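What's in final-v9.cif: mmCIF, C-alpha atoms
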data_input
loop_
_atom_site.label_atom_id
_atom_site.label_comp_id
_atom_site.auth_asym_id
_atom_site.auth_seq_id
_atom_site.Cartn_x
_atom_site.Cartn_y
_atom_site.Cartn_z
CA GLY E 1 0.00 0.00 0.00
CA ILE E 2 0.82 3.66 -0.29
CA ASN E 3 1.21 5.81 2.80
CA ALA E 4 -1.02 8.80 2.05
CA GLU E 5 0.85 11.15 4.37
CA TYR E 6 4.26 10.74 2.76
CA GLY E 7 3.36 9.28 -0.63
CA VAL E 8 5.68 6.31 -0.29
CA SER E 9 5.09 2.60 -0.37
CA THR E 10 4.90 0.88 3.02
CA GLN E 11 5.58 -2.53 1.55
CA SER E 12 9.08 -3.91 1.96
CA THR E 13 11.04 -3.76 -1.28
CA GLY E 14 14.42 -4.53 0.32
CA GLY E 15 15.75 -7.53 -1.54
CA TRP E 16 19.24 -8.94 -1.77
CA THR E 17 20.59 -5.81 -3.55
CA PHE E 18 19.72 -3.63 -0.57
CA GLY E 19 21.25 -6.23 1.71
CA ILE E 20 24.54 -6.16 -0.20
CA LEU E 21 24.55 -2.35 -0.34
CA HIS E 22 23.81 -2.24 3.37
CA TRP E 23 26.80 -4.42 4.28
CA ILE E 24 29.18 -2.64 1.89
CA ALA E 25 28.14 0.74 3.30
CA PHE E 26 28.46 -0.59 6.86
CA LEU E 27 31.99 -1.87 6.23
CA LEU E 28 32.99 1.43 4.59
CA GLU E 29 31.61 3.35 7.56
CA ILE E 30 33.70 1.23 9.93
CA VAL E 31 36.82 1.84 7.82
CA PHE E 32 36.18 5.60 7.64
CA ALA E 33 35.47 5.84 11.38
CA THR E 34 38.64 3.90 12.17
CA VAL E 35 40.75 6.14 9.93
CA CYS E 36 39.24 9.27 11.49
CA ILE E 37 39.88 8.03 15.03
CA ALA E 38 43.45 7.02 14.12
CA ALA E 39 44.13 10.42 12.55
CA GLY E 40 42.71 12.19 15.60
CA LEU E 41 44.81 10.11 17.99
CA PHE E 42 47.91 10.71 15.87
CA TYR E 43 47.27 14.45 15.98
CA LEU E 44 46.78 14.32 19.76
CA THR E 45 50.10 12.50 20.21
CA GLU E 46 51.82 15.21 18.15
CA VAL E 47 50.27 17.95 20.29
CA ILE E 48 51.24 16.12 23.50
CA GLU E 49 54.78 15.64 22.19
CA ASP E 50 55.17 19.30 21.19
CA TYR E 51 53.57 20.81 24.30
CA THR E 52 54.65 18.55 27.16
CA ILE E 53 54.34 21.15 29.93
CA ILE E 54 50.80 22.09 28.93
CA SER E 55 49.97 18.41 28.42
CA LYS E 56 51.13 17.55 31.93
CA SER E 57 48.94 20.31 33.31
CA VAL E 58 45.96 19.04 31.29
CA PHE E 59 46.63 15.50 32.54
CA LYS E 60 46.69 16.69 36.15
CA TRP E 61 43.49 18.73 35.85
CA THR E 62 41.72 15.91 34.04
CA ASN E 63 42.75 13.55 36.83
CA ILE E 64 41.40 15.98 39.45
CA ALA E 65 38.12 16.32 37.53
CA VAL E 66 37.73 12.53 37.29
CA LEU E 67 38.41 12.16 41.01
CA GLY E 68 35.73 14.78 41.67
CA ALA E 69 33.33 12.93 39.39
CA TYR E 70 33.95 9.73 41.35
CA VAL E 71 33.08 11.49 44.60
CA MET E 72 29.92 12.94 43.02
CA MET E 73 28.92 9.52 41.70
CA PHE E 74 29.34 8.07 45.18
CA LEU E 75 27.36 10.84 46.89
CA PHE E 76 24.53 11.26 44.41
CA GLU E 77 24.26 8.12 42.26
CA GLU E 78 24.82 5.17 44.59
CA THR E 79 27.57 3.62 42.50
CA GLY E 80 28.85 1.66 45.46
CA PHE E 81 31.84 1.95 47.74
CA LEU E 82 33.98 -0.64 45.91
CA ASN E 83 33.65 1.11 42.53
CA VAL E 84 34.45 4.51 43.97
CA ALA E 85 37.29 3.30 46.20
CA LEU E 86 38.94 1.38 43.38
CA GLY E 87 38.45 4.32 41.01
CA ILE E 88 40.09 6.70 43.47
CA ILE E 89 42.98 4.29 44.07
CA THR E 90 43.42 3.95 40.29
CA PHE E 91 43.63 7.69 39.82
CA LEU E 92 45.97 8.13 42.79
CA MET E 93 48.24 5.68 40.97
CA ALA E 94 47.72 7.72 37.79
CA TRP E 95 48.79 10.82 39.72
CA GLN E 96 52.11 9.11 40.51
CA VAL E 97 52.64 8.31 36.84
CA ILE E 98 51.59 11.81 35.73
CA ASN E 99 54.30 13.23 38.00
CA GLN E 100 56.86 11.25 35.93
CA PHE E 101 55.56 12.72 32.65
CA PRO E 102 57.07 13.06 30.01
CA ASN E 103 59.66 10.46 31.10
CA ILE E 104 57.26 7.71 32.09
CA ASP E 105 59.07 4.52 33.02
CA MET E 106 56.86 1.59 32.05
CA LEU E 107 58.75 -0.72 34.41
CA SER E 108 58.32 1.50 37.46
CA PRO E 109 56.23 0.12 40.34
CA ALA E 110 53.83 3.07 40.00
CA PHE E 111 53.15 2.32 36.32
CA ILE E 112 52.70 -1.42 36.92
CA ALA E 113 50.38 -0.69 39.86
CA LEU E 114 48.42 1.70 37.64
CA ILE E 115 47.93 -0.98 34.98
CA VAL E 116 46.75 -3.51 37.58
CA THR E 117 44.34 -1.07 39.22
CA MET E 118 43.02 0.08 35.82
CA ILE E 119 42.16 -3.51 34.94
CA LEU E 120 40.51 -4.07 38.31
CA ASN E 121 38.61 -0.78 37.97
CA HIS E 122 37.34 -1.83 34.55
CA VAL E 123 36.26 -5.26 35.79
CA THR E 124 34.42 -3.90 38.84
CA ALA E 125 32.67 -1.29 36.69
CA TYR E 126 31.63 -4.03 34.26
CA TYR E 127 30.14 -6.14 37.05
CA PHE E 128 28.46 -3.10 38.57
CA PHE E 129 26.65 -2.29 35.32
CA ARG E 130 25.87 -5.93 34.63
CA GLU E 131 23.66 -5.91 37.72
CA ARG E 132 21.96 -2.56 37.02
CA PHE E 133 19.71 -1.57 34.19
CA LEU E 134 20.83 1.82 32.97
CA SER E 135 20.69 3.26 29.48
CA PHE E 136 23.52 2.51 27.08
CA SER E 137 24.49 6.20 26.96
CA GLN E 138 24.80 6.34 30.76
CA ILE E 139 27.04 3.29 30.80
CA ILE E 140 29.20 4.65 27.97
CA ALA E 141 29.45 8.02 29.75
CA TYR E 142 30.66 6.29 32.93
CA PHE E 143 33.25 4.18 31.11
CA THR E 144 34.43 7.01 28.85
CA ILE E 145 34.96 9.61 31.55
CA LEU E 146 35.59 7.64 34.72
CA VAL E 147 37.34 4.52 33.45
CA TRP E 148 39.05 5.31 30.13
CA LEU E 149 39.81 9.06 29.90
CA VAL E 150 42.94 9.33 32.05
CA PRO E 151 44.44 5.98 30.94
CA ILE E 152 44.01 6.92 27.27
CA GLN E 153 45.71 10.25 27.95
CA LEU E 154 48.63 8.48 29.60
CA ILE E 155 48.92 5.98 26.76
CA LEU E 156 49.03 8.83 24.26
CA GLY E 157 51.55 10.60 26.52
CA LEU E 158 53.97 7.66 26.40
CA VAL E 159 55.04 8.87 22.96
CA ALA E 160 56.19 12.23 24.35
CA GLY E 161 59.03 10.63 26.35
CA GLU E 162 60.63 9.18 23.24
CA ASN E 163 61.73 12.52 21.80
CA ILE E 164 62.76 14.38 24.95
CA LEU E 165 66.45 15.24 25.01
CA PRO E 166 68.33 13.64 27.93
CA THR E 167 69.34 15.92 30.78
CA SER E 168 71.45 15.43 33.87
CA THR E 169 68.27 14.72 35.90
CA ASN E 170 66.93 12.26 33.34
CA SER E 171 67.34 8.66 34.50
CA ARG E 172 67.52 7.47 30.88
CA GLY E 173 70.40 9.84 30.15
CA SER E 174 72.79 7.83 32.31
CA ASN E 175 72.71 4.99 29.80
CA LEU E 176 74.07 7.14 26.97
CA LEU E 177 77.72 6.91 25.93
#
Output the file's structure in the form of structure tokens.
Amino acid sequence: GINAEYGVSTQSTGGWTFGILHWIAFLLEIVFATVCIAAGLFYLTEVIEDYTIISKSVFKWTNIAVLGAYVMMFLFEETGFLNVALGIITFLMAWQVINQFPNIDMLSPAFIALIVTMILNHVTAYYFFRERFLSFSQIIAYFTILVWLVPIQLILGLVAGENILPTSTNSRGSNLL
């Protein structure tokens, strides 16, 4: 039949051609999105590498904001003591690593502890949301800001330490001939 309001057919005409076009378009969209994200991350690493002092300040303020968000989630949203405590411990570990920036030592106890607490934070957040029925956008907001934001910044910041000239206070500089 014809829908009188819009003048279009309401009967399904999607055959195998539409199916093929749908999957080709979907795959192209994934490729384009991946390239855009990669280009954006590459640009961010260049900015972090060129402006290390400003980047360190941004990292610190982002960490403070995330810690504040954890406290607000605990006070107003009933996210549970374990989630908040582990989140705060994770970002206290991140603070230790941020203080090393741009010369982050990936074998330092602070960095290893950060990786362990990040994984535990992610797992506890996953189990927390598995038991609660919230909207997808709320869950993504929690993970994006409270679980992933600071670790992604630090991962991008690892590149900045590669091109810093060694100084007398740089621990890596002692290995140079």
For Leu120 in chain E: contacts at 9 Å, all atoms listed in the file, fewer than 4 positions along chain excluded, given as a PyMOL selection string: chain E and resi 86+90+115-116+124-125
Go ahead and save the residues from that selection, with C-alpha atoms, as an mmCIF file, in the frame of the given file.
data_model
loop_
_atom_site.group_PDB
_atom_site.id
_atom_site.type_symbol
_atom_site.label_atom_id
_atom_site.label_comp_id
_atom_site.auth_asym_id
_atom_site.auth_seq_id
_atom_site.Cartn_x
_atom_site.Cartn_y
_atom_site.Cartn_z
ATOM 1 C CA LEU E 86 38.940 1.380 43.380
ATOM 2 C CA THR E 90 43.420 3.950 40.290
ATOM 3 C CA ILE E 115 47.930 -0.980 34.980
ATOM 4 C CA VAL E 116 46.750 -3.510 37.580
ATOM 5 C CA THR E 124 34.420 -3.900 38.840
ATOM 6 C CA ALA E 125 32.670 -1.290 36.690
#
E:Leu158, E:Leu75, E:Ala69, E:Val84 ranked by distance to Phe111 in chain E, top pick (using all atoms listed in the file):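 Checking each candidate against Phe111 in chain E, we get E:Leu158 as the closest.
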Between CA of Ile155 in chain E and CA of Tyr51 in chain E, distance in Å (one decimal):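 Taking CA of Ile155 in chain E and CA of Tyr51 in chain E, their separation equals 15.7 Å.
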Reference answer for the PyMOL selection byres ((chain E and resi 102) around 9), as a PyMOL selection string: chain E and resi 49+52-53+56+98-101+103-104+157-162+164
Pairwise distance for CA of Ile88 in chain E and CA of Lys60 in chain E, rounded to one decimal in Å: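 So the two atoms, CA of Ile88 in chain E and CA of Lys60 in chain E, lie 14.0 Å apart.
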Explicit residues for the PyMOL selection byres ((chain E and resi 139-146) around 10) (as a ChimeraX atom specification): /E:62-63,65-70,73,84,87-88,91,121-122,125-126,129,132-138,147-152
For Ser57 in chain E, the nearest of the candidates E:Thr79, E:Trp95, E:Leu114, E:Gly19, counting only C-alpha atoms: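 Closest residue, counting only C-alpha atoms: E:Trp95.
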Between CA of Val97 in chain E and CA of Ala110 in chain E, distance in Å (one decimal):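 Rounded to one decimal, the two atoms are 6.2 Å apart.
Shortest separation to Met93 in chain E among E:Gly40, E:Val47, E:Leu154, E:Ile20 occurs at residue E:Leu154, atoms counted being only C-alpha atoms.
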